[in-house]
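Text of query.pdb, listed as PDB, C-alpha atoms (C1' of nucleotides):
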```pdb
ATOM      1  CA  MET L   1      95.775  28.705 118.481
ATOM      2  CA  ILE L   2      97.248  29.471 115.098
ATOM      3  CA  THR L   3     100.241  27.578 113.739
ATOM      4  CA  GLU L   4     102.066  28.828 110.678
ATOM      5  CA  LEU L   5     104.415  26.587 108.724
ATOM      6  CA  LYS L   6     106.482  27.719 105.800
ATOM      7  CA  CYS L   7     106.123  25.464 102.792
ATOM      8  CA  ARG L   8     106.669  26.524  99.206
ATOM      9  CA  ASP L   9     105.810  23.171  97.735
ATOM     10  CA  ILE L  10     102.227  22.245  98.518
ATOM     11  CA  ASP L  11      98.773  22.466  96.988
ATOM     12  CA  ILE L  12      96.417  21.846  99.883
ATOM     13  CA  TRP L  13      93.432  21.295  97.616
ATOM     14  CA  LYS L  14      95.161  18.473  95.781
ATOM     15  CA  THR L  15      96.722  17.126  98.954
ATOM     16  CA  PHE L  16      93.408  16.907 100.815
ATOM     17  CA  THR L  17      91.255  15.742  97.907
ATOM     18  CA  CYS L  18      93.553  13.247  96.191
ATOM     19  CA  GLY L  19      92.108  10.300  98.096
ATOM     20  CA  GLN L  20      94.736   9.706 100.758
ATOM     21  CA  CYS L  21      92.650  11.141 103.600
ATOM     22  CA  PHE L  22      88.935  11.361 104.177
ATOM     23  CA  ARG L  23      88.158  13.876 106.900
ATOM     24  CA  TRP L  24      89.023  17.259 105.385
ATOM     25  CA  LYS L  25      86.121  19.220 103.952
ATOM     26  CA  HIS L  26      86.555  22.018 101.485
ATOM     27  CA  ARG L  27      85.010  25.335 102.475
ATOM     28  CA  PRO L  28      83.800  28.135 100.206
ATOM     29  CA  ASP L  29      86.707  30.391 101.167
ATOM     30  CA  GLY L  30      89.199  27.783  99.955
ATOM     31  CA  SER L  31      90.222  26.557 103.381
ATOM     32  CA  PHE L  32      89.692  23.041 104.714
ATOM     33  CA  ALA L  33      88.122  21.950 107.983
ATOM     34  CA  GLY L  34      88.562  18.569 109.525
ATOM     35  CA  ALA L  35      90.361  16.388 111.974
ATOM     36  CA  ALA L  36      93.553  14.397 112.238
ATOM     37  CA  ALA L  37      94.324  12.140 115.186
ATOM     38  CA  LYS L  38      92.824  13.924 118.191
ATOM     39  CA  ARG L  39      93.040  17.393 116.687
ATOM     40  CA  ALA L  40      90.472  19.487 114.829
ATOM     41  CA  ALA L  41      91.551  22.356 112.633
ATOM     42  CA  ARG L  42      90.850  24.790 109.836
ATOM     43  CA  ILE L  43      93.675  24.967 107.376
ATOM     44  CA  LYS L  44      94.426  27.441 104.634
ATOM     45  CA  TYR L  45      97.415  28.231 102.476
ATOM     46  CA  ALA L  46      98.674  31.537 101.229
ATOM     47  CA  SER L  47     101.964  32.863  99.926
ATOM     48  CA  GLY L  48     104.128  30.001 101.048
ATOM     49  CA  VAL L  49     102.592  29.490 104.490
ATOM     50  CA  ILE L  50     100.294  26.763 105.779
ATOM     51  CA  VAL L  51      98.033  28.361 108.370
ATOM     52  CA  ILE L  52      96.475  25.965 110.879
ATOM     53  CA  GLU L  53      93.779  27.225 113.230
ATOM     54  CA  GLU L  54      92.896  25.047 116.183
ATOM     55  CA  ASP L  55      90.085  26.262 118.434
ATOM     56  CA  SER L  56      90.655  23.331 120.750
ATOM     57  CA  VAL L  57      94.227  24.285 121.612
ATOM     58  CA  THR L  58      95.142  27.240 123.800
ATOM     59  CA  ASP L  59      98.215  29.225 122.929
ATOM     60  CA  THR L  60     100.911  28.192 125.376
ATOM     61  CA  PRO L  61     104.601  27.658 124.559
ATOM     62  CA  GLU L  62     104.289  23.895 125.088
ATOM     63  CA  ASN L  63     101.164  23.620 122.950
ATOM     64  CA  ARG L  64     102.733  25.713 120.250
ATOM     65  CA  LYS L  65     105.793  23.519 120.110
ATOM     66  CA  GLU L  66     103.693  20.368 120.073
ATOM     67  CA  ALA L  67     101.429  21.702 117.330
ATOM     68  CA  GLU L  68     104.337  22.720 115.155
ATOM     69  CA  HIS L  69     105.862  19.293 115.514
ATOM     70  CA  PHE L  70     102.583  17.494 114.845
ATOM     71  CA  TRP L  71     101.651  19.450 111.729
ATOM     72  CA  ALA L  72     105.160  19.527 110.296
ATOM     73  CA  GLU L  73     105.199  15.768 110.467
ATOM     74  CA  TYR L  74     101.618  15.496 109.189
ATOM     75  CA  PHE L  75     102.499  17.517 106.098
ATOM     76  CA  ASP L  76     105.775  15.641 105.633
ATOM     77  CA  LEU L  77     107.632  18.937 105.604
ATOM     78  CA  SER L  78     111.085  17.400 106.000
ATOM     79  CA  ARG L  79     110.893  15.774 102.579
ATOM     80  CA  ASP L  80     112.132  17.506  99.445
ATOM     81  CA  TYR L  81     109.327  16.978  96.951
ATOM     82  CA  GLY L  82     111.107  18.861  94.207
ATOM     83  CA  LYS L  83     113.922  16.393  94.440
ATOM     84  CA  ALA L  84     111.453  13.484  94.507
ATOM     85  CA  ARG L  85     109.697  14.707  91.376
ATOM     86  CA  GLU L  86     113.000  15.128  89.556
ATOM     87  CA  TRP L  87     114.001  11.621  90.574
ATOM     88  CA  LEU L  88     110.763  10.183  89.179
ATOM     89  CA  LEU L  89     111.015  12.162  85.954
ATOM     90  CA  SER L  90     114.542  10.941  85.374
ATOM     91  CA  HIS L  91     113.675   7.307  86.108
ATOM     92  CA  ASP L  92     110.477   6.988  84.104
ATOM     93  CA  GLU L  93     109.668   8.156  80.596
ATOM     94  CA  LYS L  94     105.892   8.331  80.883
ATOM     95  CA  ILE L  95     105.082   9.753  84.285
ATOM     96  CA  GLY L  96     105.580  13.383  83.263
ATOM     97  CA  ASP L  97     101.920  14.205  82.696
ATOM     98  CA  ALA L  98     100.885  12.682  86.019
ATOM     99  CA  VAL L  99     103.659  14.485  87.882
ATOM    100  CA  LYS L 100     102.590  17.752  86.297
ATOM    101  CA  ALA L 101      98.929  17.149  87.161
ATOM    102  CA  GLY L 102      99.752  16.153  90.720
ATOM    103  CA  ASP L 103     102.286  18.903  91.360
ATOM    104  CA  GLY L 104     101.735  20.103  94.932
ATOM    105  CA  ILE L 105     100.488  16.815  96.349
ATOM    106  CA  ARG L 106     102.258  15.816  99.543
ATOM    107  CA  ILE L 107     101.940  12.412 101.183
ATOM    108  CA  LEU L 108     100.304  13.060 104.529
ATOM    109  CA  ARG L 109     101.819  11.228 107.455
ATOM    110  CA  GLN L 110      98.659  10.065 109.191
ATOM    111  CA  ASP L 111      97.945   8.375 112.471
ATOM    112  CA  LEU L 112      98.515   4.633 112.104
ATOM    113  CA  TRP L 113      95.296   3.384 113.682
ATOM    114  CA  GLU L 114      93.196   5.970 111.848
ATOM    115  CA  THR L 115      94.788   4.887 108.611
ATOM    116  CA  ILE L 116      93.976   1.250 109.339
ATOM    117  CA  VAL L 117      90.343   2.091 110.093
ATOM    118  CA  SER L 118      90.012   4.368 107.082
ATOM    119  CA  PHE L 119      91.367   1.914 104.562
ATOM    120  CA  ILE L 120      89.512  -1.102 105.906
ATOM    121  CA  ILE L 121      86.396   0.968 105.304
ATOM    122  CA  SER L 122      87.658   1.961 101.860
ATOM    123  CA  GLN L 123      87.601  -1.541 100.392
ATOM    124  CA  ASN L 124      85.151  -2.022  97.539
ATOM    125  CA  ASN L 125      83.677   1.357  98.396
ATOM    126  CA  ASN L 126      83.611   4.830  96.859
ATOM    127  CA  ILE L 127      85.250   7.922  98.262
ATOM    128  CA  PRO L 128      82.161   9.984  99.152
ATOM    129  CA  ARG L 129      80.697   7.019 100.978
ATOM    130  CA  ILE L 130      84.005   6.287 102.733
ATOM    131  CA  GLN L 131      83.986   9.860 104.006
ATOM    132  CA  GLY L 132      80.429   9.478 105.249
ATOM    133  CA  CYS L 133      81.171   6.210 107.034
ATOM    134  CA  ILE L 134      84.223   7.659 108.766
ATOM    135  CA  GLU L 135      82.323  10.715 109.985
ATOM    136  CA  ALA L 136      79.455   8.528 111.165
ATOM    137  CA  LEU L 137      81.869   6.220 112.969
ATOM    138  CA  ALA L 138      83.532   9.152 114.718
ATOM    139  CA  GLU L 139      80.184  10.584 115.768
ATOM    140  CA  LEU L 140      78.869   7.239 116.984
ATOM    141  CA  CYS L 141      81.762   6.177 119.177
ATOM    142  CA  GLY L 142      84.657   8.614 118.867
ATOM    143  CA  GLU L 143      85.563  11.294 121.370
ATOM    144  CA  LYS L 144      84.328  14.834 121.062
ATOM    145  CA  ILE L 145      87.221  17.177 120.389
ATOM    146  CA  PRO L 146      86.979  20.044 122.879
ATOM    147  CA  GLY L 147      86.124  23.369 121.306
ATOM    148  CA  SER L 148      85.071  21.694 118.067
ATOM    149  CA  GLU L 149      81.978  20.049 116.668
ATOM    150  CA  LEU L 150      84.141  17.202 115.380
ATOM    151  CA  TYR L 151      84.894  13.831 116.920
ATOM    152  CA  SER L 152      88.089  11.832 116.796
ATOM    153  CA  LEU L 153      87.894   8.264 115.507
ATOM    154  CA  PRO L 154      87.319   5.588 118.151
ATOM    155  CA  SER L 155      90.414   4.046 119.685
ATOM    156  CA  PRO L 156      91.125   0.356 119.096
ATOM    157  CA  GLU L 157      90.077  -0.265 122.712
ATOM    158  CA  VAL L 158      86.655   1.287 122.185
ATOM    159  CA  LEU L 159      86.133  -0.436 118.870
ATOM    160  CA  SER L 160      87.251  -3.834 120.114
ATOM    161  CA  GLY L 161      84.622  -3.617 122.829
ATOM    162  CA  MET L 162      81.779  -3.118 120.378
ATOM    163  CA  THR L 163      79.709  -5.600 118.431
ATOM    164  CA  PRO L 164      79.212  -5.283 114.680
ATOM    165  CA  ASP L 165      75.507  -4.790 115.386
ATOM    166  CA  ALA L 166      76.304  -1.786 117.547
ATOM    167  CA  LEU L 167      78.013  -0.255 114.521
ATOM    168  CA  ALA L 168      74.894  -0.629 112.362
ATOM    169  CA  PRO L 169      74.163   3.138 112.244
ATOM    170  CA  VAL L 170      77.498   3.661 110.507
ATOM    171  CA  ARG L 171      76.302   1.564 107.542
ATOM    172  CA  LEU L 172      79.602  -0.221 107.112
ATOM    173  CA  GLY L 173      77.958  -3.307 105.677
ATOM    174  CA  TYR L 174      80.141  -6.399 105.821
ATOM    175  CA  ARG L 175      83.116  -4.289 106.931
ATOM    176  CA  ALA L 176      81.742  -3.795 110.454
ATOM    177  CA  PRO L 177      82.950  -7.177 111.760
ATOM    178  CA  TYR L 178      86.293  -6.606 110.025
ATOM    179  CA  LEU L 179      86.765  -3.407 111.976
ATOM    180  CA  VAL L 180      85.956  -4.974 115.343
ATOM    181  CA  ALA L 181      88.260  -7.919 114.703
ATOM    182  CA  ALA L 182      91.051  -5.679 113.413
ATOM    183  CA  ALA L 183      90.796  -3.513 116.533
ATOM    184  CA  ARG L 184      91.290  -6.534 118.774
ATOM    185  CA  GLU L 185      94.199  -7.752 116.659
ATOM    186  CA  TYR L 186      95.794  -4.335 116.397
ATOM    187  CA  ILE L 187      95.999  -3.973 120.174
ATOM    188  CA  LYS L 188      98.336  -6.977 120.185
ATOM    189  CA  LEU L 189     100.432  -5.754 117.266
ATOM    190  CA  ARG L 190     100.669  -2.151 118.384
ATOM    191  CA  PRO L 191     103.811  -2.568 120.508
ATOM    192  CA  LEU L 192     105.613  -3.944 117.470
ATOM    193  CA  LEU L 193     104.338  -1.383 115.003
ATOM    194  CA  GLU L 194     104.775   1.713 117.136
ATOM    195  CA  ALA L 195     108.572   1.482 117.015
ATOM    196  CA  GLU L 196     108.563   3.574 113.893
ATOM    197  CA  PRO L 197     111.892   3.809 112.061
ATOM    198  CA  SER L 198     110.963   7.029 110.306
ATOM    199  CA  LEU L 199     110.571   8.749 113.648
ATOM    200  CA  GLN L 200     114.001   7.900 114.970
ATOM    201  CA  GLY L 201     115.634  10.894 116.497
ATOM    202  CA  THR L 202     112.330  12.680 116.856
ATOM    203  CA  PRO L 203     112.012  14.341 120.260
ATOM    204  CA  GLY L 204     109.657  12.434 122.497
ATOM    205  CA  THR L 205     109.998   9.240 120.544
ATOM    206  CA  ALA L 206     111.998   6.279 121.707
ATOM    207  CA  ASP L 207     115.126   5.763 119.688
ATOM    208  CA  ILE L 208     115.090   2.164 118.606
ATOM    209  CA  SER L 209     118.255   2.248 116.535
ATOM    210  CA  ASP L 210     120.149   0.214 119.096
ATOM    211  CA  THR L 211     117.441  -2.132 120.293
ATOM    212  CA  GLY L 212     117.256  -4.152 117.101
ATOM    213  CA  LYS L 213     113.485  -3.938 117.283
ATOM    214  CA  ALA L 214     112.907  -1.708 114.295
ATOM    215  CA  LEU L 215     110.861  -3.529 111.716
ATOM    216  CA  THR L 216     111.667  -3.572 108.052
ATOM    217  CA  ALA L 217     108.994  -2.410 105.642
ATOM    218  CA  ALA L 218     108.416  -6.041 104.676
ATOM    219  CA  GLU L 219     107.936  -7.066 108.303
ATOM    220  CA  GLU L 220     105.494  -4.239 108.910
ATOM    221  CA  TYR L 221     103.623  -5.199 105.775
ATOM    222  CA  SER L 222     103.197  -8.820 106.802
ATOM    223  CA  LEU L 223     101.975  -7.771 110.258
ATOM    224  CA  LEU L 224      99.404  -5.483 108.668
ATOM    225  CA  LEU L 225      98.330  -8.299 106.339
ATOM    226  CA  SER L 226      97.504 -10.413 109.358
ATOM    227  CA  LEU L 227      94.737  -8.000 110.369
ATOM    228  CA  THR L 228      91.207  -9.022 109.452
ATOM    229  CA  GLY L 229      89.973  -6.962 106.521
ATOM    230  CA  VAL L 230      93.475  -6.002 105.465
ATOM    231  CA  GLY L 231      94.715  -7.463 102.193
ATOM    232  CA  PRO L 232      97.579  -6.433  99.903
ATOM    233  CA  LYS L 233      96.046  -3.172  98.746
ATOM    234  CA  VAL L 234      94.922  -1.920 102.134
ATOM    235  CA  ALA L 235      98.211  -2.970 103.758
ATOM    236  CA  SER L 236     100.073  -0.981 101.112
ATOM    237  CA  CYS L 237      97.959   2.090 101.817
ATOM    238  CA  ILE L 238      98.576   1.758 105.548
ATOM    239  CA  SER L 239     102.321   1.418 104.947
ATOM    240  CA  LEU L 240     102.276   4.496 102.763
ATOM    241  CA  PHE L 241      99.999   6.847 104.677
ATOM    242  CA  GLY L 242     100.246   5.490 108.221
ATOM    243  CA  LEU L 243     103.867   4.418 108.446
ATOM    244  CA  GLY L 244     105.535   6.860 106.071
ATOM    245  CA  ARG L 245     106.739   4.121 103.744
ATOM    246  CA  ILE L 246     106.756   6.345 100.694
ATOM    247  CA  GLU L 247     108.082   3.548  98.479
ATOM    248  CA  SER L 248     104.865   1.555  98.955
ATOM    249  CA  PHE L 249     102.803   1.254  95.766
ATOM    250  CA  PRO L 250      99.136   0.350  96.420
ATOM    251  CA  ILE L 251      97.347  -1.087  93.389
ATOM    252  CA  ASP L 252      93.599  -0.485  93.220
ATOM    253  CA  VAL L 253      91.090  -0.253  90.378
ATOM    254  CA  TRP L 254      92.191   3.272  89.465
ATOM    255  CA  VAL L 255      95.871   2.421  89.448
ATOM    256  CA  ARG L 256      95.119  -0.604  87.283
ATOM    257  CA  ARG L 257      93.321   1.718  84.876
ATOM    258  CA  VAL L 258      96.094   4.248  84.717
ATOM    259  CA  MET L 259      98.769   1.576  84.374
ATOM    260  CA  HIS L 260      96.766   0.240  81.452
ATOM    261  CA  GLU L 261      96.228   3.630  79.832
ATOM    262  CA  VAL L 262      99.690   5.093  80.335
ATOM    263  CA  TYR L 263     101.918   2.020  80.325
ATOM    264  CA  GLY L 264      99.866  -0.500  78.384
ATOM    265  CA  PHE L 265      99.608  -3.124  81.097
ATOM    266  CA  ASP L 266      96.785  -5.629  81.011
ATOM    267  CA  GLU L 267      94.442  -4.609  83.830
ATOM    268  CA  GLY L 268      94.803  -8.006  85.457
ATOM    269  CA  ASP L 269      98.594  -7.939  85.432
ATOM    270  CA  MET L 270      99.148  -6.814  89.004
ATOM    271  CA  ARG L 271     102.407  -8.728  89.085
ATOM    272  CA  GLY L 272     103.822  -6.776  86.179
ATOM    273  CA  MET L 273     102.640  -3.442  87.559
ATOM    274  CA  LYS L 274     104.240  -4.126  90.907
ATOM    275  CA  LYS L 275     107.518  -5.072  89.276
ATOM    276  CA  TYR L 276     107.423  -2.023  87.022
ATOM    277  CA  ALA L 277     106.787   0.252  90.012
ATOM    278  CA  GLU L 278     109.717  -1.211  91.905
ATOM    279  CA  GLU L 279     112.040  -0.754  88.956
ATOM    280  CA  HIS L 280     110.943   2.690  87.779
ATOM    281  CA  PHE L 281     109.391   4.431  90.790
ATOM    282  CA  GLY L 282     111.630   2.816  93.400
ATOM    283  CA  GLN L 283     111.993   4.773  96.626
ATOM    284  CA  TYR L 284     109.169   7.111  95.559
ATOM    285  CA  GLY L 285     106.622   4.469  94.537
ATOM    286  CA  GLY L 286     103.960   5.862  96.823
ATOM    287  CA  LEU L 287     104.350   9.375  95.529
ATOM    288  CA  ALA L 288     104.237   8.115  91.945
ATOM    289  CA  GLN L 289     101.110   6.170  92.825
ATOM    290  CA  GLN L 290      99.420   9.294  94.177
ATOM    291  CA  TYR L 291     100.350  11.301  91.097
ATOM    292  CA  LEU L 292      98.987   8.555  88.849
ATOM    293  CA  PHE L 293      95.890   8.053  90.980
ATOM    294  CA  TYR L 294      95.130  11.767  90.975
ATOM    295  CA  PHE L 295      95.836  12.000  87.253
ATOM    296  CA  ILE L 296      93.518   9.180  86.170
ATOM    297  CA  ARG L 297      90.808   9.998  88.646
ATOM    298  CA  ARG L 298      90.645  13.640  87.658
ATOM    299  CA  GLN L 299      90.097  12.652  84.047
ATOM    300  CA  ASN L 300      87.152  10.519  85.026
ATOM    301  CA  MET L 301      85.340  12.972  87.270
TER
ATOM    302  C1'  DT J   1      67.569  -3.241  87.037
ATOM    303  C1'  DT J   2      72.289  -3.613  86.809
ATOM    304  C1'  DC J   3      76.798  -1.872  87.528
ATOM    305  C1'  DC J   4      80.270   0.143  90.307
ATOM    306  C1'  DA J   5      83.272   1.698  94.243
ATOM    307  C1'  DG J   6      90.990   3.158  96.706
ATOM    308  C1'  DG J   7      89.180  -5.470  98.011
ATOM    309  C1'  DT J   8      89.121  -9.217 101.144
ATOM    310  C1'  DG J   9      87.890 -13.782 103.330
ATOM    311  C1'  DG J  10      86.909 -18.351 102.422
ATOM    312  C1'  DC J  11      87.166 -22.077  99.716
ATOM    313  C1'  DA J  12      88.594 -25.090  95.902
ATOM    314  C1'  DT J  13      92.366 -26.230  93.032
TER
ATOM    315  C1'  DA Q   1     100.588 -20.149  95.640
ATOM    316  C1'  DT Q   2      96.586 -19.019  92.594
ATOM    317  C1'  DG Q   3      91.565 -18.414  90.885
ATOM    318  C1'  DC Q   4      86.760 -17.675  91.857
ATOM    319  C1'  DC Q   5      82.959 -15.698  94.300
ATOM    320  C1'  DA Q   6      79.959 -13.678  97.847
ATOM    321  C1'  DC Q   7      79.884  -9.894 100.636
ATOM    322  C1'  DA Q   8      76.592  -4.599 102.466
ATOM    323  C1'  DT Q   9      75.580  -0.241 100.946
ATOM    324  C1'  DG Q  10      74.067   3.612  98.122
ATOM    325  C1'  DG Q  11      74.640   6.403  93.908
ATOM    326  C1'  DA Q  12      74.621   6.511  88.751
TER
END
```
For the file at hand, write its structure as structure tokens.
Amino acid sequence: MITELKCRDIDIWKTFTCGQCFRWKHRPDGSFAGAAAKRAARIKYASGVIVIEEDSVTDTPENRKEAEHFWAEYFDLSRDYGKAREWLLSHDEKIGDAVKAGDGIRILRQDLWETIVSFIISQNNNIPRIQGCIEALAELCGEKIPGSELYSLPSPEVLSGMTPDALAPVRLGYRAPYLVAAAREYIKLRPLLEAEPSLQGTPGTADISDTGKALTAAEEYSLLLSLTGVGPKVASCISLFGLGRIESFPIDVWVRRVMHEVYGFDEGDMRGMKKYAEEHFGQYGGLAQQYLFYFIRRQNM
DNA sequence: TTCCAGGTGGCAT
DNA sequence: ATGCCACATGGA
């Protein structure tokens, strides 16, 4: 099935290669092939339209509607990025170059559990190797996606039933036991975390506006922190990419570098960087972080 | 050989 | 609450 979504404000190359996701592979024709949640797709962009080809989905009205909803959310199409960029430019003197470099990046709204797995693997690791580990993990114990050669990532149930030794082929190193423990812990937290405020009003999603059960960003963050292998940086990435908390500002080695180079912070002054981000990047901290991350990383590669 | 990568857990203060 | 340090793996 082919899904077409109008979007004037996206650069899929930047969006897929800026380090927020790890499963999309660039192809010679400029398209990307990969997987998100339980779906496999080839994606290209031309003249204001994102074209998503899914061999594993047959073209029925229900499937079409579901695909449109899934991919529109995945690409965060309801957000006005032009407005976000203007907001950042008017609230910070020095972010202009990074915004210009990162123009076209959108924050992908990824599956929560996949985001947890991906960023536990990401710790003290490099991006090519993270990609390899995730593919190996999917192939070892994920589910084959029908009509595709790709596998989805293993569910928390599958992963919680494995031993770290059984994950040896994935070459996760010391992260293997983290992943197994986090899977077990996540199963308990899932009922709390799946009441997602950003999805309120979305068809097919429970409206939790009256139940009082919606978590604040801070509450979500502290729950994520309780997972084995999840510290401040990884929890921030999960908030940003897995829960749509676009104000979240993850600080890693690259962000420390760029905050030193552009803003003059001491590279150990995480406290100051965090405060600065809150005051200057505010509601768009996560987007600012991606612009800065992309900006500094591109200079060094 | 040593250093590094989208850091964190465990332990000592 | 904060400061070290070991941790598995593979590429530069």
Inset, instruction - Quick one: everything within 9 Å of Q:DA8, counting only C-alpha atoms (C1' of nucleotides), minus sequence neighbours fewer than 3 positions away in the same chain. Send it as JSON, numbers by chain. - result: {"L": [171, 172, 173, 174, 175]}
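Distance cut-off 12 Å, centre (74.0, -2.5, 86.1), atoms counted all atoms listed in the file; the residues meeting this are J:DT1, J:DT2, J:DC3, J:DC4, Q:DG11, Q:DA12.
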Legend entry - Counting all atoms listed in the file, chain L residues within 12 Å of chain Q, as a PyMOL selection string: chain L and resi 121+123-130+132-133+168-178
Deliver the residues from the most recent selection as a file, using C-alpha atoms, as a short mmCIF file (atom, residue, chain, number, x, y, z; two decimals), in the frame of the given file.
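The resulting file, selection.cif, is reproduced below:
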```cif
data_model
loop_
_atom_site.label_atom_id
_atom_site.label_comp_id
_atom_site.auth_asym_id
_atom_site.auth_seq_id
_atom_site.Cartn_x
_atom_site.Cartn_y
_atom_site.Cartn_z
CA ILE L 121 86.40 0.97 105.30
CA GLN L 123 87.60 -1.54 100.39
CA ASN L 124 85.15 -2.02 97.54
CA ASN L 125 83.68 1.36 98.40
CA ASN L 126 83.61 4.83 96.86
CA ILE L 127 85.25 7.92 98.26
CA PRO L 128 82.16 9.98 99.15
CA ARG L 129 80.70 7.02 100.98
CA ILE L 130 84.00 6.29 102.73
CA GLY L 132 80.43 9.48 105.25
CA CYS L 133 81.17 6.21 107.03
CA ALA L 168 74.89 -0.63 112.36
CA PRO L 169 74.16 3.14 112.24
CA VAL L 170 77.50 3.66 110.51
CA ARG L 171 76.30 1.56 107.54
CA LEU L 172 79.60 -0.22 107.11
CA GLY L 173 77.96 -3.31 105.68
CA TYR L 174 80.14 -6.40 105.82
CA ARG L 175 83.12 -4.29 106.93
CA ALA L 176 81.74 -3.80 110.45
CA PRO L 177 82.95 -7.18 111.76
CA TYR L 178 86.29 -6.61 110.02
#
```
Inset, instruction - List the residues selected by the PyMOL selection byres ((chain L and resi 192) around 9) in the file shown, writing them as a PyMOL selection string. - result: chain L and resi 188-191+193-196+213-215+220+223
Legend entry - Residues in the PyMOL selection byres ((chain L and resi 140-153) around 9), expressed as a count of residues only: 27
What are the closest atom pairs, with distances in Å to one decimal, for each residue of chain J lying within 8 Å of chain L, using all atoms listed in the file, rows by chain and rising residue number, as CSV?
```
residue,atom,partner,partner_atom,distance
J:DA5,C1',L:Asn126,CA,4.1
J:DG6,C1',L:Asp252,CA,5.7
J:DG7,C1',L:Gln123,CA,4.9
J:DT8,C1',L:Gly229,CA,5.9
J:DG9,C1',L:Gly229,CA,7.8
```
Export: chain Q, N, CA and C atoms (P, O5', C5', C4', C3', O3' and C1' of nucleotides), as a compact mmCIF listing (two decimals), in the first residue's frame:
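Output below, filename result.txt:
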```
# COMPACT_ATOMS: atom_id res chain seq x y z
P DA Q 1 17.99 14.47 46.92
O5' DA Q 1 19.50 14.88 46.53
C5' DA Q 1 19.76 16.21 46.15
C4' DA Q 1 21.23 16.51 46.25
C3' DA Q 1 22.01 16.34 44.94
O3' DA Q 1 22.84 17.47 44.75
C1' DA Q 1 23.00 15.01 46.66
P DT Q 2 23.46 17.80 43.32
O5' DT Q 2 24.94 17.21 43.43
C5' DT Q 2 25.80 17.69 44.45
C4' DT Q 2 27.08 16.86 44.46
C3' DT Q 2 27.69 16.58 43.09
O3' DT Q 2 29.01 17.11 43.07
C1' DT Q 2 27.62 14.61 44.41
P DG Q 3 29.97 17.02 41.76
O5' DG Q 3 30.90 15.77 42.10
C5' DG Q 3 31.59 15.74 43.34
C4' DG Q 3 32.67 14.67 43.29
C3' DG Q 3 33.31 14.49 41.92
O3' DG Q 3 34.67 14.15 42.09
C1' DG Q 3 32.15 12.50 42.54
P DC Q 4 35.71 14.17 40.86
O5' DC Q 4 36.37 12.74 40.95
C5' DC Q 4 35.80 11.66 40.30
C4' DC Q 4 36.20 10.38 40.94
C3' DC Q 4 36.77 9.38 39.94
O3' DC Q 4 37.80 8.63 40.52
C1' DC Q 4 34.67 8.60 40.81
P DC Q 5 38.89 7.95 39.52
O5' DC Q 5 38.21 6.54 39.19
C5' DC Q 5 37.79 5.69 40.25
C4' DC Q 5 37.02 4.52 39.69
C3' DC Q 5 37.54 4.04 38.32
O3' DC Q 5 37.65 2.64 38.35
C1' DC Q 5 35.22 4.43 38.22
P DA Q 6 38.65 1.94 37.32
O5' DA Q 6 37.81 0.64 36.97
C5' DA Q 6 37.15 -0.06 38.04
C4' DA Q 6 35.94 -0.78 37.50
C3' DA Q 6 36.18 -1.56 36.21
O3' DA Q 6 35.57 -2.83 36.31
C1' DA Q 6 34.44 0.02 35.86
P DC Q 7 35.90 -3.94 35.21
O5' DC Q 7 34.63 -3.84 34.25
C5' DC Q 7 33.31 -3.89 34.80
C4' DC Q 7 32.32 -3.47 33.74
C3' DC Q 7 32.73 -3.89 32.33
O3' DC Q 7 32.16 -5.16 32.06
C1' DC Q 7 31.75 -1.68 32.40
P DA Q 8 33.08 -6.16 31.13
O5' DA Q 8 32.38 -5.99 29.71
C5' DA Q 8 31.02 -6.37 29.54
C4' DA Q 8 30.67 -6.35 28.07
C3' DA Q 8 31.68 -7.04 27.16
O3' DA Q 8 30.95 -7.62 26.09
C1' DA Q 8 31.63 -4.73 26.66
P DT Q 9 31.68 -8.49 24.96
O5' DT Q 9 31.88 -7.45 23.78
C5' DT Q 9 30.74 -6.84 23.20
C4' DT Q 9 31.15 -5.77 22.24
C3' DT Q 9 32.30 -6.14 21.29
O3' DT Q 9 31.74 -6.39 20.02
C1' DT Q 9 32.41 -3.88 22.08
P DG Q 10 32.62 -7.00 18.82
O5' DG Q 10 33.08 -5.72 17.99
C5' DG Q 10 32.08 -4.90 17.41
C4' DG Q 10 32.71 -3.60 16.91
C3' DG Q 10 33.91 -3.80 15.98
O3' DG Q 10 33.88 -2.79 15.00
C1' DG Q 10 34.55 -2.47 17.77
P DG Q 11 34.47 -3.00 13.53
O5' DG Q 11 34.77 -1.53 13.01
C5' DG Q 11 33.83 -0.48 13.25
C4' DG Q 11 34.56 0.82 13.50
C3' DG Q 11 35.77 1.04 12.58
O3' DG Q 11 35.74 2.37 12.09
C1' DG Q 11 36.41 1.25 14.85
P DA Q 12 36.82 2.85 10.98
O5' DA Q 12 37.69 3.92 11.76
C5' DA Q 12 37.04 5.02 12.40
C4' DA Q 12 38.07 5.85 13.16
C3' DA Q 12 39.32 6.16 12.34
O3' DA Q 12 39.74 7.49 12.62
C1' DA Q 12 39.92 5.00 14.32
```
